[in-house]
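A.B. asks: Can you read through this structure? Questions will come right after.
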Amino acid sequence: SDLLSARHKSLPIDQPPLPMCRADKACHLALEDVAGVLKDDFAVRRANINGRLSREIFDDDCLFDGPDPDMPVRGVHKYCSAISGLFDRPSSACVLVGEPVVDKVEGTVVCHWRLSGRLRLPWRPAFKPYLGFTTYHVDPASGLVCAAVEQWSISAVTAFASVLVPFAVQHVAEAPDVHTVEEWLSVWVLMRDHVPKHLRHLSA
């Protein structure tokens, strides 16, 4: 074995094998491939409206967190079930803005979006459109998304007040349609007065 090691030092013969992956999971994907699946979740599957996330790239115990008072939620099944009954699907949209941002050092994928529409309540109330971004944290051991953390351009109080007492938040501007990350950032800064860390290079 010493002779083999000496002659084939480039072979990873001493490295442990990758952890086993269940048949229904897409483990050990490159971050760019994870980003591609997340992009399709927004643009093709409308997963953030109907709850049909691509579960194969998510850990079953993924943590979903954000300003919503019902968060954090632990578990992809529980989160998808909650989203599937939240929005009036024909009138709602969560539009991906620009391309997902991949950070190989942090092991994250960030998606920027604009949400608009109505809630799935008997009177179908509209809510004030707002911007947000979700940071998807990928477990380096499995390659699966282990956490998804949202930030919004408006507070949770404003979001819910726009549904229940819309006259009380008339002074809060609606997020306009944006088509690029640069446009998204300009509106975000106007509404939140700060630049997200992962986009500081755009404001330099």
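A note on labels: chains of the structure tokens are A, B, ... as shown, every chain counts residues from 1, and ligands are counted from 1 in their shown order.
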From the DSSP assignment of the backbone, select every residue of range 52-149 of chain A that is strand (DSSP E or B), and format the answer as a PyMOL selection string.

C.D. replies: chain A and resi 58-65+73-74+87+93-103+108-119+126-138+145-149

A.B. asks: Output N, CA and C atoms for every residue in that selection, as a short mmCIF file (atom, residue, chain, number, x, y, z; two decimals), in the first residue's frame.

C.D. replies:
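That gives us selection.cif:
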```cif
data_model
loop_
_atom_site.label_atom_id
_atom_site.label_comp_id
_atom_site.auth_asym_id
_atom_site.auth_seq_id
_atom_site.Cartn_x
_atom_site.Cartn_y
_atom_site.Cartn_z
N PHE A 58 -33.73 20.20 -0.72
CA PHE A 58 -33.88 20.68 0.65
C PHE A 58 -33.73 19.53 1.63
N ASP A 59 -33.03 19.80 2.72
CA ASP A 59 -33.02 18.87 3.84
C ASP A 59 -34.43 18.79 4.42
N ASP A 60 -34.85 17.62 4.82
CA ASP A 60 -36.19 17.46 5.38
C ASP A 60 -36.41 18.37 6.59
N ASP A 61 -35.34 18.63 7.35
CA ASP A 61 -35.44 19.46 8.55
C ASP A 61 -35.00 20.90 8.30
N CYS A 62 -35.04 21.34 7.05
CA CYS A 62 -34.63 22.70 6.71
C CYS A 62 -35.37 23.73 7.58
N LEU A 63 -34.64 24.74 8.02
CA LEU A 63 -35.22 25.82 8.83
C LEU A 63 -35.58 26.99 7.93
N PHE A 64 -36.84 27.41 7.98
CA PHE A 64 -37.32 28.56 7.22
C PHE A 64 -37.58 29.69 8.21
N ASP A 65 -36.94 30.85 7.98
CA ASP A 65 -37.07 31.95 8.93
C ASP A 65 -37.26 33.26 8.17
N VAL A 73 -40.07 28.20 10.90
CA VAL A 73 -40.74 26.92 10.66
C VAL A 73 -39.66 25.88 10.39
N ARG A 74 -39.72 24.78 11.09
CA ARG A 74 -38.75 23.70 10.91
C ARG A 74 -39.38 22.57 10.11
N PHE A 87 -51.72 31.99 -0.26
CA PHE A 87 -51.97 32.98 -1.30
C PHE A 87 -53.10 32.55 -2.24
N ALA A 93 -48.14 36.68 -7.25
CA ALA A 93 -46.89 36.37 -7.94
C ALA A 93 -45.71 36.71 -7.06
N CYS A 94 -44.73 35.82 -7.05
CA CYS A 94 -43.44 36.08 -6.41
C CYS A 94 -42.41 35.99 -7.52
N VAL A 95 -42.00 37.14 -8.03
CA VAL A 95 -41.18 37.22 -9.24
C VAL A 95 -39.70 37.31 -8.88
N LEU A 96 -38.91 36.41 -9.41
CA LEU A 96 -37.46 36.46 -9.23
C LEU A 96 -36.90 37.64 -10.00
N VAL A 97 -36.04 38.42 -9.34
CA VAL A 97 -35.42 39.59 -9.98
C VAL A 97 -33.95 39.28 -10.21
N GLY A 98 -33.53 39.27 -11.48
CA GLY A 98 -32.15 38.97 -11.79
C GLY A 98 -31.81 37.51 -11.55
N GLU A 99 -30.52 37.22 -11.60
CA GLU A 99 -30.04 35.85 -11.39
C GLU A 99 -29.73 35.62 -9.91
N PRO A 100 -29.89 34.39 -9.43
CA PRO A 100 -29.46 34.08 -8.07
C PRO A 100 -27.97 34.39 -7.89
N VAL A 101 -27.61 34.84 -6.70
CA VAL A 101 -26.23 35.21 -6.38
C VAL A 101 -25.60 34.07 -5.59
N VAL A 102 -24.55 33.47 -6.14
CA VAL A 102 -23.87 32.34 -5.52
C VAL A 102 -22.62 32.82 -4.79
N ASP A 103 -22.47 32.40 -3.54
CA ASP A 103 -21.28 32.72 -2.75
C ASP A 103 -20.67 31.40 -2.28
N THR A 108 -23.74 29.86 0.12
CA THR A 108 -25.11 30.36 0.05
C THR A 108 -25.52 30.68 -1.38
N VAL A 109 -26.82 30.71 -1.57
CA VAL A 109 -27.44 31.22 -2.80
C VAL A 109 -28.48 32.23 -2.37
N VAL A 110 -28.43 33.44 -2.94
CA VAL A 110 -29.38 34.49 -2.59
C VAL A 110 -30.27 34.79 -3.79
N CYS A 111 -31.58 34.77 -3.55
CA CYS A 111 -32.56 35.10 -4.59
C CYS A 111 -33.31 36.36 -4.19
N HIS A 112 -33.39 37.32 -5.11
CA HIS A 112 -34.10 38.57 -4.88
C HIS A 112 -35.46 38.48 -5.57
N TRP A 113 -36.49 39.04 -4.93
CA TRP A 113 -37.84 38.85 -5.47
C TRP A 113 -38.74 40.04 -5.14
N ARG A 114 -39.88 40.05 -5.84
CA ARG A 114 -40.97 40.99 -5.56
C ARG A 114 -42.25 40.18 -5.40
N LEU A 115 -42.96 40.43 -4.29
CA LEU A 115 -44.18 39.68 -4.00
C LEU A 115 -45.38 40.60 -4.08
N SER A 116 -46.42 40.14 -4.75
CA SER A 116 -47.67 40.91 -4.85
C SER A 116 -48.83 39.94 -4.94
N GLY A 117 -50.05 40.45 -4.65
CA GLY A 117 -51.22 39.61 -4.83
C GLY A 117 -52.23 39.72 -3.71
N ARG A 118 -52.91 38.59 -3.47
CA ARG A 118 -53.98 38.54 -2.47
C ARG A 118 -53.83 37.29 -1.61
N LEU A 119 -54.35 37.39 -0.39
CA LEU A 119 -54.32 36.25 0.51
C LEU A 119 -55.53 35.34 0.27
N ALA A 126 -56.16 42.10 -0.78
CA ALA A 126 -54.87 42.39 -1.39
C ALA A 126 -53.90 42.85 -0.32
N PHE A 127 -52.63 42.60 -0.55
CA PHE A 127 -51.59 43.12 0.34
C PHE A 127 -50.65 44.02 -0.46
N LYS A 128 -49.97 44.90 0.25
CA LYS A 128 -49.09 45.87 -0.39
C LYS A 128 -47.88 45.15 -0.98
N PRO A 129 -47.61 45.31 -2.29
CA PRO A 129 -46.45 44.65 -2.89
C PRO A 129 -45.14 45.09 -2.22
N TYR A 130 -44.25 44.15 -2.02
CA TYR A 130 -42.97 44.48 -1.39
C TYR A 130 -41.84 43.63 -1.97
N LEU A 131 -40.63 44.08 -1.72
CA LEU A 131 -39.44 43.36 -2.16
C LEU A 131 -38.90 42.49 -1.03
N GLY A 132 -38.11 41.54 -1.40
CA GLY A 132 -37.46 40.71 -0.40
C GLY A 132 -36.31 39.94 -1.01
N PHE A 133 -35.54 39.30 -0.16
CA PHE A 133 -34.55 38.35 -0.65
C PHE A 133 -34.45 37.19 0.33
N THR A 134 -34.14 36.03 -0.22
CA THR A 134 -34.00 34.82 0.57
C THR A 134 -32.59 34.29 0.43
N THR A 135 -31.94 34.06 1.56
CA THR A 135 -30.61 33.47 1.59
C THR A 135 -30.74 31.98 1.89
N TYR A 136 -30.35 31.18 0.93
CA TYR A 136 -30.41 29.72 1.08
C TYR A 136 -29.03 29.22 1.51
N HIS A 137 -28.96 28.63 2.69
CA HIS A 137 -27.70 28.11 3.22
C HIS A 137 -27.61 26.62 2.89
N VAL A 138 -26.50 26.24 2.27
CA VAL A 138 -26.32 24.87 1.81
C VAL A 138 -25.35 24.14 2.75
N VAL A 145 -30.06 22.21 0.94
CA VAL A 145 -30.40 23.47 1.60
C VAL A 145 -30.87 23.16 3.01
N CYS A 146 -30.17 23.73 4.00
CA CYS A 146 -30.49 23.44 5.40
C CYS A 146 -31.17 24.62 6.09
N ALA A 147 -31.16 25.80 5.46
CA ALA A 147 -31.84 26.97 6.02
C ALA A 147 -32.17 27.94 4.89
N ALA A 148 -33.32 28.60 5.01
CA ALA A 148 -33.76 29.61 4.05
C ALA A 148 -34.27 30.80 4.85
N VAL A 149 -33.57 31.92 4.77
CA VAL A 149 -33.86 33.07 5.62
C VAL A 149 -34.28 34.25 4.75
#
```

A.B. asks: Can you check which residues of range 3-160 of chain A DSSP gives as alpha helix (DSSP H) on the backbone and send them as a PyMOL selection string?

C.D. replies: chain A and resi 3-7+31-43+47-50+76-84+156-160

A.B. asks: Quick one: pull the distance between CA of Leu121 in chain A and CA of Asp88 in chain A, Å, one decimal.

C.D. replies: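 These atoms are spaced 8.0 Å apart.
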
A.B. asks: Could you name the residues that touch range 79-82 of chain A at 7 Å or less, counting only C-alpha atoms, but leaving out those on the same chain fewer than 5 positions away, as an mmCIF file with C-alpha atoms, in the first residue's frame?

C.D. replies:
```cif
data_model
loop_
_atom_site.group_PDB
_atom_site.id
_atom_site.type_symbol
_atom_site.label_atom_id
_atom_site.label_comp_id
_atom_site.auth_asym_id
_atom_site.auth_seq_id
_atom_site.Cartn_x
_atom_site.Cartn_y
_atom_site.Cartn_z
ATOM 1 C CA GLY A 51 -45.773 25.582 -2.012
ATOM 2 C CA ARG A 52 -44.395 23.153 -4.597
ATOM 3 C CA LEU A 53 -40.728 23.570 -3.748
ATOM 4 C CA VAL A 73 -40.742 26.918 10.659
#
```

A.B. asks: When you look at range 199-203 of chain A with a cut-off of 10 Å (counting only C-alpha atoms), what residues show up, excluding the ones that are within fewer than 5 positions of it in the same chain? I need them as a short mmCIF file (atom, residue, chain, number, x, y, z; two decimals) with N, CA and C atoms, in the first residue's frame.

C.D. replies:
```cif
data_model
loop_
_atom_site.label_atom_id
_atom_site.label_comp_id
_atom_site.auth_asym_id
_atom_site.auth_seq_id
_atom_site.Cartn_x
_atom_site.Cartn_y
_atom_site.Cartn_z
N VAL A 101 -27.61 34.84 -6.70
CA VAL A 101 -26.23 35.21 -6.38
C VAL A 101 -25.60 34.07 -5.59
N VAL A 181 -31.29 43.36 -10.70
CA VAL A 181 -30.86 43.44 -9.30
C VAL A 181 -30.50 44.88 -8.96
N GLU A 182 -29.95 45.61 -9.93
CA GLU A 182 -29.61 47.01 -9.69
C GLU A 182 -30.85 47.84 -9.40
N LEU A 185 -32.12 46.89 -5.98
CA LEU A 185 -31.32 47.49 -4.91
C LEU A 185 -31.68 48.96 -4.70
N SER A 186 -31.91 49.68 -5.78
CA SER A 186 -32.27 51.11 -5.66
C SER A 186 -33.55 51.29 -4.86
N HIS A 194 -30.56 50.84 3.73
CA HIS A 194 -29.27 50.16 3.88
C HIS A 194 -29.08 49.22 2.71
#
```

A.B. asks: Counting only C-alpha atoms, figure out which residue out of A:Leu29, A:Met71, A:Val172, A:Leu38 gets nearest to Ser155 in chain A.

C.D. replies: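 When distances to Ser155 in chain A are compared using only C-alpha atoms, the smallest one comes from A:Val172.
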
A.B. asks: Set the distance at 12 Å and use only C-alpha atoms: which residues neighbour Val157 in chain A once local chain neighbours fewer than 2 positions away are removed? I'd like the list as a ChimeraX atom specification.

C.D. replies: /A:67-69,127-128,152-155,159-166,168-169,172

A.B. asks: Would you compute the distance between CA of Lys104 in chain A and CA of Pro72 in chain A? Give it in Å to one decimal.

C.D. replies: 25.2 Å

A.B. asks: Between CA of Trp188 in chain A and CA of Ala173 in chain A, measure the distance and give it in Å to one decimal.

C.D. replies: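 A separation of 11.4 Å between them.
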
A.B. asks: I'd like to know which of A:Glu56, A:Glu174, A:Asp139, A:Asp40 is closest to Met191 in chain A, using only C-alpha atoms.

C.D. replies: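 Nearest to Met191 in chain A: A:Glu174.
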
A.B. asks: Just want the 9 Å neighbourhood of Arg55 in chain A, counted on only C-alpha atoms, with same-chain residues fewer than 4 positions away dropped. Output as a VMD selection string.

C.D. replies: chain A and resid 24 to 26 59 to 60 76 to 77

A.B. asks: Limited to N, CA, C and O atoms, could you put the picked residues into a file as a CSV table (one decimal), in the first residue's frame?

C.D. replies:
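What follows is the written file again32.csv:
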```
chain,number,residue,atom,x,y,z
A,24,ASP,N,-34.5,10.0,-3.0
A,24,ASP,CA,-35.4,11.2,-3.4
A,24,ASP,C,-34.7,12.5,-3.1
A,24,ASP,O,-35.4,13.6,-3.2
A,25,LYS,N,-33.4,12.5,-2.9
A,25,LYS,CA,-32.7,13.8,-2.6
A,25,LYS,C,-31.6,13.9,-3.7
A,25,LYS,O,-30.9,13.0,-4.1
A,26,ALA,N,-31.3,15.2,-4.1
A,26,ALA,CA,-30.2,15.5,-5.0
A,26,ALA,C,-29.1,16.1,-4.2
A,26,ALA,O,-28.9,17.3,-4.1
A,59,ASP,N,-33.0,19.8,2.7
A,59,ASP,CA,-33.0,18.9,3.8
A,59,ASP,C,-34.4,18.8,4.4
A,59,ASP,O,-35.1,19.8,4.5
A,60,ASP,N,-34.8,17.6,4.8
A,60,ASP,CA,-36.2,17.5,5.4
A,60,ASP,C,-36.4,18.4,6.6
A,60,ASP,O,-37.5,18.8,6.8
A,76,VAL,N,-39.4,21.0,5.7
A,76,VAL,CA,-39.8,21.5,4.4
A,76,VAL,C,-41.3,21.1,4.2
A,76,VAL,O,-42.0,21.8,3.5
A,77,HIS,N,-41.7,20.0,4.7
A,77,HIS,CA,-43.1,19.6,4.5
A,77,HIS,C,-44.0,20.6,5.2
A,77,HIS,O,-45.1,21.0,4.6
```
